Amino acid sequence: MSDDLGLYDDALDTFFAEAQDMLQQIEDTLLALESDPGNRETINALFRAAHTIKGSAGLFGLNRVVNFTHQVESVLDRVRKNEIAIDPGLSDVLLKSSDILTELLEQAQNKDTAASQISATDQKSAQMVDKLAGYLDGKRKGGASAASAAPAPAANPGTWHISLRFGENTFRNGFDPLSVIAYLRTLGQIMTLIIIEEHLPTLANFDPESCYLGFELSLKSDAPRADIDAAFDFVRDDCTIRILPPNRRVSDFLALLRELPEEARLGDLLVDCGAITRQALDEALTHQNEEHGERRQSQRASDAPAAAGSQLGQILIAQNKVASEVVDAALTKQGKKEGRGDESRFVRVPADKLDALINLVGELVICGASASLLAQRLRETQLIETTQQMSGLVEEIRNGTLALRMVQIGETFARYKRVVRDTAAELGKEIHLEIEGAETELDKSVVEKIGDPLMHLVRNAMDHGIEMPDVRLAAGKPAFGTLHLSAHHDSGHIVIEVSDDGRGLDGDKILAKARERGLVGPNQSLTELEKLNLIFEPGFSTAEKVTNLSGRGVGMDVVRKNIEALRGSVTPKTIVGQGSTIEIRLPLTLAIIDGFLVRVGKSSYVIPLHAVVECIDSDSSQLQGHSDWSGTLNLRGEVLPFLELRKIFNINDAASERRSVVVVRNGEMAAGLVVDQLLGEYQTVIKPLGKLFQKVRGISGGTVLGSGEVALILDVPSLVRLASDHETNAQ
């Protein structure tokens, strides 16, 4: 029993994950339809997504989700039939319905949801059902709640006959046949239900993990065929389904008998469940035997099912019996089933399993480095060659494993289409969103943590950056503003830019506001970049009044804090009157990086390899210091600020006569790091530091070397900024 419950929970978790994807699809298609309302393919995709959520939710008894989604589906069905068109008003109602559906799914997933929260959601869903009813051509009136919403009656109510045969792998795939029966009960009354026992094996051959169930049942229901079909959406590939409508003929049952010749008792079972009378069955079987030859001829004709299906479809279309869209969808579905081998190449893997795999690969990298070090100490040529080959294989495994967690940032960017739409309407502005570089990939863990900072930047650009339409027109700009989201790779980093064509950032105004709030001294002079960076100070805001979006002095400081927690940096750029750009620079992954190993005294440090520009030798006379730990040197005629790591980390070992400077770069800024020894490239497994060291500047993590020694990973953006600040102060 516990195994069955585990399979059910796994299937339920899979449903919630897929439902979130479909909700995102609903939102994306609704936003796409605002600019292209007549796109039939998009409308059909929208209807299918809502229909699939409703059908799958019904299998798990999520009645609140089913009942509410049914109302949304009914409106979308009218849109699909060209009875109503999607206008801005309907689009807004459907988008808000999607938000309510998200709440319903979250509450269904979270068993500890408070009763008050459930009641509030039900109240919102009831109000939304009333709005949806206005688009159903008077079929629904009054204030029926979502919990009591019932499916619309079918044109021909009656008793349906359903024949089900589940496959042996049904249980293994996490599906419960009884959930199908439970969903059918929500559509009507099951008059008779007979369990088929023909395929039960002997006790010696019985496998408890295999499913041998089959059902013959009669369902009295007013529901349309589409709702009954939806009961099997989640298990369609694991069972054989035959649905006979209320207006069926005797020949339909004869066809069912021919399809299941191995079940000798099927005729008796059909009589027992009231699907057909004994007299009608006997007469039909006698007539069938007399036409045995004709039946054989028809069997030979079935050797070309695809061609026959296509020909039948054309006949039905010509007779106006069925729409061409239905035939095309059926043939496409048939083709997908025949080519199911391609679909099996994709496997849904839980993220925690990928994280565990990457942790193991990291340990493998450390062990490989230890083996290489041991081989070099022993000076065994064959062992050295073997460890070198192993290092190459480990590197390929590392790259392949990290690639498994790489996802396109376009999915994150797409979420802001809805944010831009709703925020622009709230502000009374018209804002167009442009997306570039959506196919750029980065680590899934980075994507998950970048969402909130990007949200702050997008909302801030719309509120502070882009002007009101009348102001833009007066400045010679178009009435609508443009918000631009872009991403691209750059030297082992991903660079994300949030740009707008608004008023830009006024450094002098920002400085005056900062002095007013006491963030900058009255006589303190700042560079232009330092003035712009004041927007990231806690408590800073240029808003004239507090609104729902801004004015409270929070947001931008959180952006910089979260970005730096990801070992990244954020840089503002602007042209007053033309717009501004916030550039975010992030590492591609947070797990394993290529590093450059250096030594200062007896301590080892790792510099991320992508930040290293070059290494130069330098003696003490070239390091003209302005303080005991920072200074400048002449690098081919240019002044380069440097940091003395020995002094910063308080290393008291005697320094060597000749030392090295590692030139590192972060964005447009460069600096030198003075070290005692260069040890070369090193695959670095990043180990997070404890809470005690989380706020230490200049250190972003640690790693374990092959010798077992712990080496600290340097935070290059922080060190470069530190060197640049000291150079500015010195000047």
# chains A, B, ... in the order shown; residues from 1 in each chain; ligands from 1
$ select_by_dssp --residues "range 73-192 of chain A" --states "helix (DSSP H, G or I)" --output "VMD selection string"
chain A and resid 73 to 80 88 to 109 115 to 133 146 to 148 177 to 187
$ select_by_dssp --residues "range 430-615 of chain A" --states "strand (DSSP E or B)" --output "number ranges by chain"
A: 431-436, 441-443, 481-490, 493-500, 569-575, 579-587, 592-600, 603-608, 612-615
$ residues_around --residues "Phe16 in chain A" --least-positions-apart "2" --cutoff "10 Å" --atoms "only C-alpha atoms" --output "list in words"
Ala11, Leu12, Asp13, Thr14, Glu18, Ala19, Gln20, Asp21, Met22, Ile53, Ser56, Ala57, Leu105, Glu106, Ala108 and Gln109 of chain A
$ write_last_selection --atoms "C-alpha atoms" --output "PDB file, in the first residue's frame"
ATOM      1  CA  ALA A  11       2.261  11.325 -10.263  1.00  0.00           C
ATOM      2  CA  LEU A  12       0.663  14.206  -8.348  1.00  0.00           C
ATOM      3  CA  ASP A  13       3.997  16.031  -8.129  1.00  0.00           C
ATOM      4  CA  THR A  14       4.452  15.529 -11.868  1.00  0.00           C
ATOM      5  CA  GLU A  18       3.408  20.257 -15.659  1.00  0.00           C
ATOM      6  CA  ALA A  19       0.452  22.425 -14.615  1.00  0.00           C
ATOM      7  CA  GLN A  20       2.848  25.284 -13.809  1.00  0.00           C
ATOM      8  CA  ASP A  21       4.340  24.952 -17.281  1.00  0.00           C
ATOM      9  CA  MET A  22       0.871  25.029 -18.842  1.00  0.00           C
ATOM     10  CA  ILE A  53      -5.223  21.184 -16.687  1.00  0.00           C
ATOM     11  CA  SER A  56      -5.606  16.048 -15.278  1.00  0.00           C
ATOM     12  CA  ALA A  57      -6.828  17.789 -12.114  1.00  0.00           C
ATOM     13  CA  LEU A 105      -3.076  24.772  -7.577  1.00  0.00           C
ATOM     14  CA  GLU A 106      -0.728  26.090  -4.892  1.00  0.00           C
ATOM     15  CA  ALA A 108      -4.008  21.987  -3.555  1.00  0.00           C
ATOM     16  CA  GLN A 109      -0.280  21.285  -3.394  1.00  0.00           C
TER      17      GLN A 109
END
$ atom_distance --atom1 "CA of Lys417 in chain A" --atom2 "CA of Met468 in chain A"
19.5 Å
$ residues_around --residues "range 598-602 of chain A" --least-positions-apart "6" --cutoff "9 Å" --atoms "only C-alpha atoms" --output "ChimeraX atom specification"
/A:645-646,651-656,674-680
$ write_last_selection --atoms "all heavy atoms" --output "compact mmCIF listing (two decimals), in the first residue's frame"
# COMPACT_ATOMS: atom_id res chain seq x y z
N LEU A 645 48.05 41.50 -1.65
CA LEU A 645 47.29 40.47 -0.94
C LEU A 645 47.94 40.09 0.38
O LEU A 645 47.24 39.72 1.34
CB LEU A 645 47.13 39.24 -1.84
CG LEU A 645 46.30 39.41 -3.11
CD1 LEU A 645 46.14 38.07 -3.83
CD2 LEU A 645 44.94 40.00 -2.82
N ARG A 646 49.27 40.15 0.43
CA ARG A 646 49.98 39.81 1.66
C ARG A 646 49.52 40.70 2.82
O ARG A 646 49.31 40.21 3.94
CB ARG A 646 51.49 39.95 1.42
CG ARG A 646 52.36 39.84 2.66
CD ARG A 646 53.82 39.99 2.30
NE ARG A 646 54.23 38.89 1.44
CZ ARG A 646 54.61 37.69 1.89
NH1 ARG A 646 54.64 37.47 3.20
NH2 ARG A 646 54.97 36.75 1.07
N ILE A 651 49.37 38.34 6.08
CA ILE A 651 50.31 37.23 6.01
C ILE A 651 51.69 37.77 6.38
O ILE A 651 52.22 38.67 5.72
CB ILE A 651 50.33 36.61 4.59
CG1 ILE A 651 48.94 36.06 4.27
CG2 ILE A 651 51.39 35.53 4.47
CD1 ILE A 651 48.80 35.55 2.85
N ASN A 652 52.31 37.19 7.43
CA ASN A 652 53.56 37.73 7.97
C ASN A 652 54.79 36.98 7.49
O ASN A 652 55.91 37.30 7.92
CB ASN A 652 53.52 37.69 9.51
CG ASN A 652 52.40 38.57 10.07
OD1 ASN A 652 52.16 39.67 9.56
ND2 ASN A 652 51.70 38.08 11.09
N ASP A 653 54.63 35.98 6.60
CA ASP A 653 55.80 35.27 6.08
C ASP A 653 56.67 36.24 5.28
O ASP A 653 56.17 37.21 4.67
CB ASP A 653 55.38 34.11 5.18
CG ASP A 653 54.52 33.11 5.95
OD1 ASP A 653 54.65 33.08 7.19
OD2 ASP A 653 53.73 32.39 5.32
N ALA A 654 57.95 35.94 5.23
CA ALA A 654 58.87 36.80 4.48
C ALA A 654 58.55 36.75 2.99
O ALA A 654 58.33 35.67 2.42
CB ALA A 654 60.31 36.34 4.72
N ALA A 655 58.55 37.92 2.36
CA ALA A 655 58.24 38.00 0.94
C ALA A 655 59.48 37.70 0.11
O ALA A 655 60.60 38.01 0.51
CB ALA A 655 57.72 39.39 0.60
N SER A 656 59.27 37.08 -1.05
CA SER A 656 60.37 36.80 -1.96
C SER A 656 60.84 38.08 -2.64
O SER A 656 60.10 39.07 -2.71
CB SER A 656 59.95 35.77 -3.01
OG SER A 656 58.83 36.26 -3.73
N VAL A 674 49.04 41.39 -6.26
CA VAL A 674 50.44 41.04 -6.05
C VAL A 674 50.51 39.72 -5.27
O VAL A 674 49.95 39.61 -4.17
CB VAL A 674 51.17 42.15 -5.29
CG1 VAL A 674 52.65 41.79 -5.12
CG2 VAL A 674 51.03 43.48 -6.02
N VAL A 675 51.21 38.72 -5.86
CA VAL A 675 51.33 37.40 -5.25
C VAL A 675 52.80 36.99 -5.26
O VAL A 675 53.64 37.58 -5.95
CB VAL A 675 50.48 36.36 -6.01
CG1 VAL A 675 49.02 36.77 -6.01
CG2 VAL A 675 50.98 36.17 -7.43
N ASP A 676 53.12 35.93 -4.49
CA ASP A 676 54.49 35.44 -4.42
C ASP A 676 54.81 34.42 -5.51
O ASP A 676 55.93 34.39 -6.03
CB ASP A 676 54.74 34.79 -3.05
CG ASP A 676 54.74 35.82 -1.93
OD1 ASP A 676 54.89 37.02 -2.25
OD2 ASP A 676 54.59 35.44 -0.76
N GLN A 677 53.82 33.57 -5.88
CA GLN A 677 54.12 32.47 -6.80
C GLN A 677 52.89 32.16 -7.64
O GLN A 677 51.75 32.19 -7.16
CB GLN A 677 54.54 31.23 -5.99
CG GLN A 677 55.08 30.08 -6.82
CD GLN A 677 55.52 28.91 -5.95
OE1 GLN A 677 55.41 28.97 -4.72
NE2 GLN A 677 56.04 27.86 -6.57
N LEU A 678 53.13 31.82 -8.92
CA LEU A 678 52.06 31.41 -9.84
C LEU A 678 52.11 29.89 -9.97
O LEU A 678 53.14 29.33 -10.33
CB LEU A 678 52.25 32.07 -11.21
CG LEU A 678 52.39 33.60 -11.22
CD1 LEU A 678 52.68 34.09 -12.64
CD2 LEU A 678 51.13 34.26 -10.69
N LEU A 679 51.00 29.21 -9.68
CA LEU A 679 50.95 27.75 -9.72
C LEU A 679 50.18 27.20 -10.90
O LEU A 679 50.14 25.99 -11.09
CB LEU A 679 50.33 27.21 -8.41
CG LEU A 679 51.08 27.61 -7.13
CD1 LEU A 679 50.37 27.04 -5.91
CD2 LEU A 679 52.53 27.15 -7.18
N GLY A 680 49.53 28.06 -11.71
CA GLY A 680 48.88 27.60 -12.94
C GLY A 680 47.39 27.34 -12.79
O GLY A 680 46.78 27.57 -11.73
$ atom_distance --atom1 "CA of Gly708 in chain A" --atom2 "CA of Gly392 in chain A"
21.1 Å
$ closest_atom_pairs --of "range 352-464 of chain A" --to "range 552-575 of chain A" --cutoff "8 Å" --atoms "only C-alpha atoms" --output "Markdown table"
| residue | atom | partner | partner_atom | distance |
| --- | --- | --- | --- | --- |
| A:Val446 | CA | A:Leu566 | CA | 7.4 |
| A:Lys449 | CA | A:Asn562 | CA | 7.9 |
| A:Ile450 | CA | A:Ile563 | CA | 7.5 |
| A:Asp452 | CA | A:Val559 | CA | 7.8 |
| A:Pro453 | CA | A:Val559 | CA | 4.7 |
| A:Leu454 | CA | A:Val559 | CA | 7.8 |
| A:His456 | CA | A:Gly555 | CA | 6.1 |
| A:Leu457 | CA | A:Met556 | CA | 7.5 |
$ residues_around --residues "Gly507 in chain A" --least-positions-apart "4" --cutoff "7 Å" --atoms "only C-alpha atoms" --output "PyMOL selection string"
chain A and resi 511+528+531-532
$ write_last_selection --atoms "C-alpha atoms" --output "PDB file, in the first residue's frame"
ATOM      1  CA  LEU A 511      24.077  63.278  -5.276  1.00  0.00           C
ATOM      2  CA  GLU A 528      30.109  60.106 -12.155  1.00  0.00           C
ATOM      3  CA  LYS A 531      27.143  59.162  -8.110  1.00  0.00           C
ATOM      4  CA  LEU A 532      25.132  56.627 -10.099  1.00  0.00           C
TER       5      LEU A 532
END
$ atom_distance --atom1 "CA of Asp238 in chain A" --atom2 "CA of Pro177 in chain A"
10.0 Å
$ closest_residue --among "A:Met406, A:Val349, A:Ile228, A:Ile699" --to "Ser718 in chain A" --atoms "only C-alpha atoms"
A:Ile699
$ closest_atom_pairs --of "range 348-370 of chain A" --to "range 430-444 of chain A" --cutoff "12 Å" --atoms "only C-alpha atoms" --output "CSV"
residue,atom,partner,partner_atom,distance
A:Ala351,CA,A:Lys444,CA,9.0
A:Asp352,CA,A:Lys444,CA,11.7
A:Leu354,CA,A:Lys444,CA,10.5
A:Asp355,CA,A:Lys444,CA,10.4
A:Ile358,CA,A:Asp443,CA,11.9
$ write_last_selection --atoms "N, CA, C and O atoms" --output "mmCIF file, in the first residue's frame"
data_model
loop_
_atom_site.group_PDB
_atom_site.id
_atom_site.type_symbol
_atom_site.label_atom_id
_atom_site.label_comp_id
_atom_site.auth_asym_id
_atom_site.auth_seq_id
_atom_site.Cartn_x
_atom_site.Cartn_y
_atom_site.Cartn_z
ATOM 1 N N ALA A 351 15.479 18.226 -9.776
ATOM 2 C CA ALA A 351 16.652 19.096 -9.651
ATOM 3 C C ALA A 351 17.587 18.624 -8.543
ATOM 4 O O ALA A 351 18.809 18.768 -8.659
ATOM 5 N N ASP A 352 17.041 18.052 -7.460
ATOM 6 C CA ASP A 352 17.913 17.638 -6.365
ATOM 7 C C ASP A 352 18.823 16.486 -6.780
ATOM 8 O O ASP A 352 19.944 16.355 -6.277
ATOM 9 N N LEU A 354 20.113 16.189 -9.813
ATOM 10 C CA LEU A 354 21.186 16.841 -10.564
ATOM 11 C C LEU A 354 22.179 17.501 -9.616
ATOM 12 O O LEU A 354 23.394 17.439 -9.833
ATOM 13 N N ASP A 355 21.679 18.126 -8.556
ATOM 14 C CA ASP A 355 22.570 18.755 -7.579
ATOM 15 C C ASP A 355 23.473 17.718 -6.924
ATOM 16 O O ASP A 355 24.677 17.955 -6.731
ATOM 17 N N ILE A 358 26.187 16.693 -9.386
ATOM 18 C CA ILE A 358 27.233 17.702 -9.529
ATOM 19 C C ILE A 358 28.141 17.725 -8.303
ATOM 20 O O ILE A 358 29.356 17.905 -8.410
#
$ residues_around --residues "range 591-595 of chain A" --least-positions-apart "6" --cutoff "7 Å" --atoms "only C-alpha atoms" --output "list of chain:residue names"
A:Gly362, A:Val606, A:Ile607, A:Pro608, A:Leu609, A:Glu681, A:Tyr682, A:Gln683, A:Thr684, A:Val685, A:Ile686
$ closest_residue --among "A:Glu83, A:Asp227, A:Asp130, A:Asp233" --to "Phe15 in chain A" --atoms "only C-alpha atoms"
A:Asp233
$ closest_residue --among "A:Thr192, A:Thr186, A:Asn247, A:Ser97" --to "Gly61 in chain A" --atoms "only C-alpha atoms"
A:Thr186
$ closest_residue --among "A:Thr69, A:Thr42, A:Asn169, A:Asn110" --to "Met128 in chain A" --atoms "only C-alpha atoms"
A:Thr69
$ closest_residue --among "A:Ser218, A:Asn44, A:Thr240, A:Asn63" --to "Lys81 in chain A" --atoms "only C-alpha atoms"
A:Asn44
$ closest_residue --among "A:Ser604, A:Ser499, A:Thr632, A:Asn399" --to "His484 in chain A" --atoms "only C-alpha atoms"
A:Ser499
$ residues_around --residues "range 395-397 of chain A" --least-positions-apart "4" --cutoff "9 Å" --atoms "only C-alpha atoms" --output "VMD selection string"
chain A and resid 361 365 390 to 391 401 to 402 683
